[in-house]
Amino acid sequence: MITLDPRTKVLLLILTAIFSASIPNGIYTLVWIILTTILGIMLKRALKTARAAIIFAALWLFASFILPNIGGVLHTSLLVWLGLVFKCYPCCMIAALFISTTQIGEFMAAMSKWRVPRSVVIPLAIMFRYFPTVKEDWGHIKDAMTLRGISLSPGYFLKNPGVVVDALYLPILVTASNAADDLAASAVTRGIENPRIRTSRLDIRIRLIDIIVFLIFAVALIVGMGLSTGGYV
Amino acid sequence: MNVEFKNVGFSYPDTAEGTLKDISFCIKNGEFVLLVGESGCGKTTITRIINGLIPGFYGGKLTGDVLIDGKKVSDYKSYELSNVVGSVFQNPRTQFFNVDTDSEIAFGLENAGKSSEEINATLDKVTEELNIQELRNRDIFKLSGGEKQKIAFASAYASNPEIFLLDEPSANLDTVGIEGLKECLEKIKNNGTTVIIAEHRLFYLANLVDRVLYLKDGVIEREISGDEFRSMSRATLNAMNLRSNAYISLNETESYQIVDILEKGLCIRNLSVEYKKRRVFESINMDFMPGQIYCIIGNNGAGKSTLLRSICGLLSATAGDIYIDGLRMKRKDLQKKAFMVMQDVNYQLFADSVINECILGTEKSSSIWVEKILDEMGLLEYKERHPNTLSGGQKQRLAIAVSLMMDKDILLFDEPTSGLDYKNMHLCADFLNMLAQKDKVIIVVTHDEEFMECCCDRIYKLN
């Protein structure tokens, strides 16, 4: 089992983005997902990574073996939808892995080592912090909507689209902006504006394993770019 | 360190609340000073001036001089001030930056660029001194409010500040949480740290304070010594719109006999609920009659919120039944009959004006009816305002108005008085009484003994 420097994870994310943007061929996506899955297991996120990989595998098998036998409009729309999913899947998967295995302080200290300005790092760090909050907020808002007789069902939405949209975005906006204010105030009183290089209680440095993992992904990308002939699945 | 205010005046850019007018006082090194007064009297403003959030973060116009150890606050950079002044805020949910406890406690030290050995040594020392070893390396989202507040306290404590500022730290805490907070405060008082605390709930501070500053409309109306404060009667305090300086203990609930299903009102029979595969409570029996105010108490994790959510039909029961007016209710029926005013009422306000909030999603919306309800709730003059510009108490009443518009008979309240001052707490009690007179079934989950004393007819305790 390994731990990686947050900087390595940022690089992996960038490699994955380049991969998704430049290589359209499905079989390579499969290889990339396998690599990410192995990485996820090594980073001690075995269960969630495996689940994501299985979902991908199911979609991929569907696209390879069942989709060609479907005809008409359904074929086209599924093709387009799956194409989009396959494009985003590697990035989403590695981003989820990144967020779930990196502590905010660790991330900020690592970015500080790269001399990334605080004006860039702090908003990113707040985004990190916001993800788990969304789940909590969402539960409350869903409750509030039910109490008001507002339903998320397609039928209700078609009849009252405005009501549903208001009921979703206003509470999210208000509670998120209140929370952001409080959070920023508390961060300022704890010296977040200090211009010194931020440290971390965790020992952050690029180790051999960081270099190895990076090289594996980089080589996979280069080989993929060389071999890719285009096509879909 | 001394803190000195010389003829300090302040006003926020967009509101008249929290204004200060020509305030002067001096707080000596090691003193424990309590700031009290109604909401909007300016006590939070004072704490924000000392930790530099005013004018740096909140803006506004600040006049006069504020000195910390003879040096002007405005001459300190925000991060220099953070080594001198530690702050703890009201809402435990929104003041942590990290998602795990260790990183949160270390946050200030990491910002200051300390080495990782030093940070880890301090982390061990802090958690030992505050006796929170069991909170090490935990997911903050899974902590109770009281535990979160301890982490916030520890995070400020880790930077070893000479001045500690707390702004209504007990607002969202239960009795156990407040007890924990009090222990932390005793600790820093004994260390000789200067403590400045703005609070509405006073009972837990009575034995700690050296001096009380009573603010009214932005001026210090009265300075009260610690001994004088401790000897003040409740009547005197209440006349100043302050809460009690002593803990109000309530009589434990007499055991209740469950008889037949009530013809009128809400009955819970043998209710068990599982949530996330955990049995939250088992075989609960309770009766709620219309026209009375029922309070449900119990420690964190006893299942109070789960019970409220089951009564609203937001959760399904694993076993048992809920009856309204003698009829067994399904989940969907409960959703139609019951309404909950949430602790953070911002989640349930959806519209762009008070009046639109009332008519949103309701069929019966004659304007006379809406205005009558708004008038009853004391909101008619604000009908064109955006709900988000209302005060906390007004937002709560707007949610109540919505429930009246929807003709709900069962009204549930989750911690309606958290963060309310004496006056607003009483106002809240008055409105609940008014709703009770309309023959609504009223159920309140609360930790606020003072509030229960002034309006509760019957207490149920969840274990």
# chains A, B, ... in the order shown; residues from 1 in each chain; ligands from 1

call {"tool": "interface_residues", "arguments": {"of": "chain A", "to": "chain B", "cutoff": "9 Å", "atoms": "only C-alpha atoms", "output": "PyMOL selection string"}}
result
chain A and resi 103-106+109+125-126+128-129+132-133+137+140-141+143-150+160+163+166-172+174-175+178-203

call {"tool": "select_by_dssp", "arguments": {"residues": "stretch 82-201 of chain A", "states": "helix (DSSP H, G or I)", "output": "JSON, numbers by chain"}}
result
{"A": [82, 83, 84, 85, 86, 87, 88, 89, 90, 91, 92, 93, 94, 95, 96, 97, 98, 99, 100, 101, 104, 105, 106, 107, 108, 109, 110, 111, 112, 113, 118, 119, 120, 121, 122, 123, 124, 125, 126, 127, 128, 129, 130, 131, 132, 133, 134, 135, 136, 137, 138, 139, 140, 141, 142, 143, 144, 145, 146, 147, 154, 155, 156, 157, 158, 159, 161, 162, 163, 164, 165, 166, 167, 168, 169, 170, 171, 172, 173, 174, 175, 176, 177, 178, 179, 180, 181, 182, 183, 184, 185, 186, 187, 188]}

call {"tool": "residues_around", "arguments": {"residues": "B:Phe413", "least_positions_apart": "2", "cutoff": "9 Å", "atoms": "only C-alpha atoms", "output": "compact mmCIF listing (two decimals) with all heavy atoms, in the first residue's frame"}}
result
# COMPACT_ATOMS: atom_id res chain seq x y z
N LEU B 308 -38.53 13.23 14.74
CA LEU B 308 -39.24 14.30 14.02
C LEU B 308 -39.42 13.93 12.56
O LEU B 308 -40.49 14.14 11.98
CB LEU B 308 -38.46 15.62 14.11
CG LEU B 308 -38.48 16.38 15.43
CD1 LEU B 308 -37.91 17.77 15.25
CD2 LEU B 308 -39.89 16.48 15.98
N PHE B 339 -45.63 19.38 9.40
CA PHE B 339 -44.65 20.32 8.87
C PHE B 339 -43.57 20.52 9.91
O PHE B 339 -43.84 20.57 11.11
CB PHE B 339 -45.31 21.66 8.55
CG PHE B 339 -44.40 22.60 7.80
CD1 PHE B 339 -44.25 22.48 6.43
CD2 PHE B 339 -43.70 23.59 8.46
CE1 PHE B 339 -43.42 23.34 5.73
CE2 PHE B 339 -42.87 24.45 7.77
CZ PHE B 339 -42.72 24.33 6.39
N MET B 340 -42.33 20.62 9.44
CA MET B 340 -41.24 20.83 10.39
C MET B 340 -40.54 22.15 10.09
O MET B 340 -40.21 22.44 8.94
CB MET B 340 -40.24 19.67 10.29
CG MET B 340 -38.99 19.90 11.11
SD MET B 340 -38.04 18.40 11.44
CE MET B 340 -37.60 17.90 9.79
N VAL B 341 -40.33 22.93 11.13
CA VAL B 341 -39.49 24.12 10.99
C VAL B 341 -38.08 23.67 11.37
O VAL B 341 -37.83 23.26 12.50
CB VAL B 341 -39.97 25.26 11.91
CG1 VAL B 341 -39.02 26.45 11.82
CG2 VAL B 341 -41.38 25.68 11.52
N MET B 342 -37.19 23.69 10.39
CA MET B 342 -35.87 23.11 10.60
C MET B 342 -34.98 24.03 11.42
O MET B 342 -35.21 25.24 11.51
CB MET B 342 -35.20 22.86 9.25
CG MET B 342 -35.95 21.90 8.37
SD MET B 342 -35.18 21.91 6.75
CE MET B 342 -35.46 20.24 6.29
N GLN B 343 -33.92 23.44 11.97
CA GLN B 343 -33.00 24.25 12.76
C GLN B 343 -32.34 25.32 11.88
O GLN B 343 -32.27 26.48 12.24
CB GLN B 343 -31.92 23.37 13.38
CG GLN B 343 -31.00 24.17 14.28
CD GLN B 343 -30.04 23.29 15.05
OE1 GLN B 343 -29.93 22.10 14.81
NE2 GLN B 343 -29.33 23.88 15.97
N LEU B 411 -47.26 20.55 13.86
CA LEU B 411 -46.12 21.43 13.64
C LEU B 411 -44.96 20.99 14.51
O LEU B 411 -45.08 20.87 15.73
CB LEU B 411 -46.50 22.87 13.95
CG LEU B 411 -47.63 23.44 13.11
CD1 LEU B 411 -47.89 24.90 13.49
CD2 LEU B 411 -47.32 23.35 11.64
N GLU B 415 -35.00 22.61 17.43
CA GLU B 415 -34.15 23.61 18.08
C GLU B 415 -34.51 25.04 17.66
O GLU B 415 -33.67 25.78 17.14
CB GLU B 415 -32.68 23.38 17.71
CG GLU B 415 -32.14 22.03 18.06
CD GLU B 415 -31.94 21.85 19.55
OE1 GLU B 415 -32.12 22.84 20.30
OE2 GLU B 415 -31.65 20.74 19.97
N PRO B 416 -35.75 25.46 17.91
CA PRO B 416 -36.15 26.78 17.41
C PRO B 416 -35.43 27.94 18.10
O PRO B 416 -35.40 29.04 17.56
CB PRO B 416 -37.64 26.84 17.69
CG PRO B 416 -37.85 25.90 18.82
CD PRO B 416 -36.84 24.81 18.64
N ILE B 442 -48.24 20.65 18.69
CA ILE B 442 -46.93 21.30 18.64
C ILE B 442 -45.89 20.44 19.33
O ILE B 442 -46.04 20.10 20.52
CB ILE B 442 -47.01 22.66 19.32
CG1 ILE B 442 -48.15 23.40 18.67
CG2 ILE B 442 -45.66 23.39 19.21
CD1 ILE B 442 -47.97 24.79 18.43
N ILE B 443 -44.86 20.10 18.61
CA ILE B 443 -43.79 19.27 19.17
C ILE B 443 -42.47 19.97 18.92
O ILE B 443 -42.14 20.33 17.79
CB ILE B 443 -43.77 17.87 18.51
CG1 ILE B 443 -45.17 17.24 18.60
CG2 ILE B 443 -42.73 16.99 19.17
CD1 ILE B 443 -45.31 15.95 17.81
N VAL B 444 -41.72 20.18 20.00
CA VAL B 444 -40.47 20.93 19.90
C VAL B 444 -39.32 20.06 20.39
O VAL B 444 -39.36 19.54 21.50
CB VAL B 444 -40.53 22.21 20.77
CG1 VAL B 444 -39.29 23.05 20.55
CG2 VAL B 444 -41.78 23.01 20.48
N VAL B 445 -38.30 19.92 19.57
CA VAL B 445 -37.06 19.31 20.05
C VAL B 445 -36.15 20.44 20.49
O VAL B 445 -35.93 21.39 19.75
CB VAL B 445 -36.38 18.50 18.93
CG1 VAL B 445 -34.90 18.31 19.22
CG2 VAL B 445 -37.04 17.15 18.78
N THR B 446 -35.68 20.37 21.72
CA THR B 446 -34.87 21.49 22.20
C THR B 446 -33.91 21.06 23.30
O THR B 446 -34.09 20.03 23.93
CB THR B 446 -35.78 22.64 22.72
OG1 THR B 446 -34.96 23.74 23.09
CG2 THR B 446 -36.61 22.21 23.90

call {"tool": "select_by_dssp", "arguments": {"residues": "stretch 50-149 of chain B", "states": "strand (DSSP E)", "output": "ChimeraX atom specification"}}
result
/B:61-68,71-72,85-88

call {"tool": "write_last_selection", "arguments": {"atoms": "N, CA and C atoms", "output": "short mmCIF file (atom, residue, chain, number, x, y, z; two decimals), in the first residue's frame"}}
result
data_model
loop_
_atom_site.label_atom_id
_atom_site.label_comp_id
_atom_site.auth_asym_id
_atom_site.auth_seq_id
_atom_site.Cartn_x
_atom_site.Cartn_y
_atom_site.Cartn_z
N LYS B 61 -17.27 51.25 8.49
CA LYS B 61 -16.49 52.43 8.87
C LYS B 61 -16.15 52.36 10.35
N LEU B 62 -14.85 52.29 10.65
CA LEU B 62 -14.37 52.16 12.02
C LEU B 62 -13.66 53.45 12.42
N THR B 63 -14.11 54.03 13.54
CA THR B 63 -13.43 55.23 14.04
C THR B 63 -12.91 54.97 15.44
N GLY B 64 -12.02 55.82 15.90
CA GLY B 64 -11.44 55.65 17.23
C GLY B 64 -10.26 54.69 17.18
N ASP B 65 -9.71 54.37 18.36
CA ASP B 65 -8.53 53.52 18.41
C ASP B 65 -8.80 52.23 19.17
N VAL B 66 -8.31 51.14 18.62
CA VAL B 66 -8.36 49.86 19.32
C VAL B 66 -6.92 49.39 19.48
N LEU B 67 -6.52 49.19 20.72
CA LEU B 67 -5.14 48.83 20.98
C LEU B 67 -5.04 47.46 21.62
N ILE B 68 -4.12 46.64 21.12
CA ILE B 68 -3.79 45.39 21.79
C ILE B 68 -2.36 45.54 22.26
N LYS B 71 -0.50 48.53 20.99
CA LYS B 71 -0.30 48.67 19.54
C LYS B 71 -1.66 48.62 18.84
N LYS B 72 -1.82 49.50 17.86
CA LYS B 72 -3.10 49.56 17.16
C LYS B 72 -3.40 48.24 16.42
N VAL B 85 -4.54 36.49 18.90
CA VAL B 85 -5.96 36.36 19.21
C VAL B 85 -6.51 35.07 18.61
N GLY B 86 -7.08 34.22 19.45
CA GLY B 86 -7.72 33.01 18.94
C GLY B 86 -9.22 33.20 18.95
N SER B 87 -9.90 32.76 17.88
CA SER B 87 -11.35 32.99 17.80
C SER B 87 -12.13 31.69 17.66
N VAL B 88 -13.25 31.63 18.35
CA VAL B 88 -14.19 30.52 18.19
C VAL B 88 -15.55 31.13 17.86
#

call {"tool": "residues_around", "arguments": {"residues": "stretch 417-434 of chain B", "least_positions_apart": "2", "cutoff": "8 Å", "atoms": "only C-alpha atoms", "output": "PyMOL selection string"}}
result
chain B and resi 38-39+168+171-172+200-201+238+241-243+293+343+377+393+415+436-438+442+446+448+451+454-455
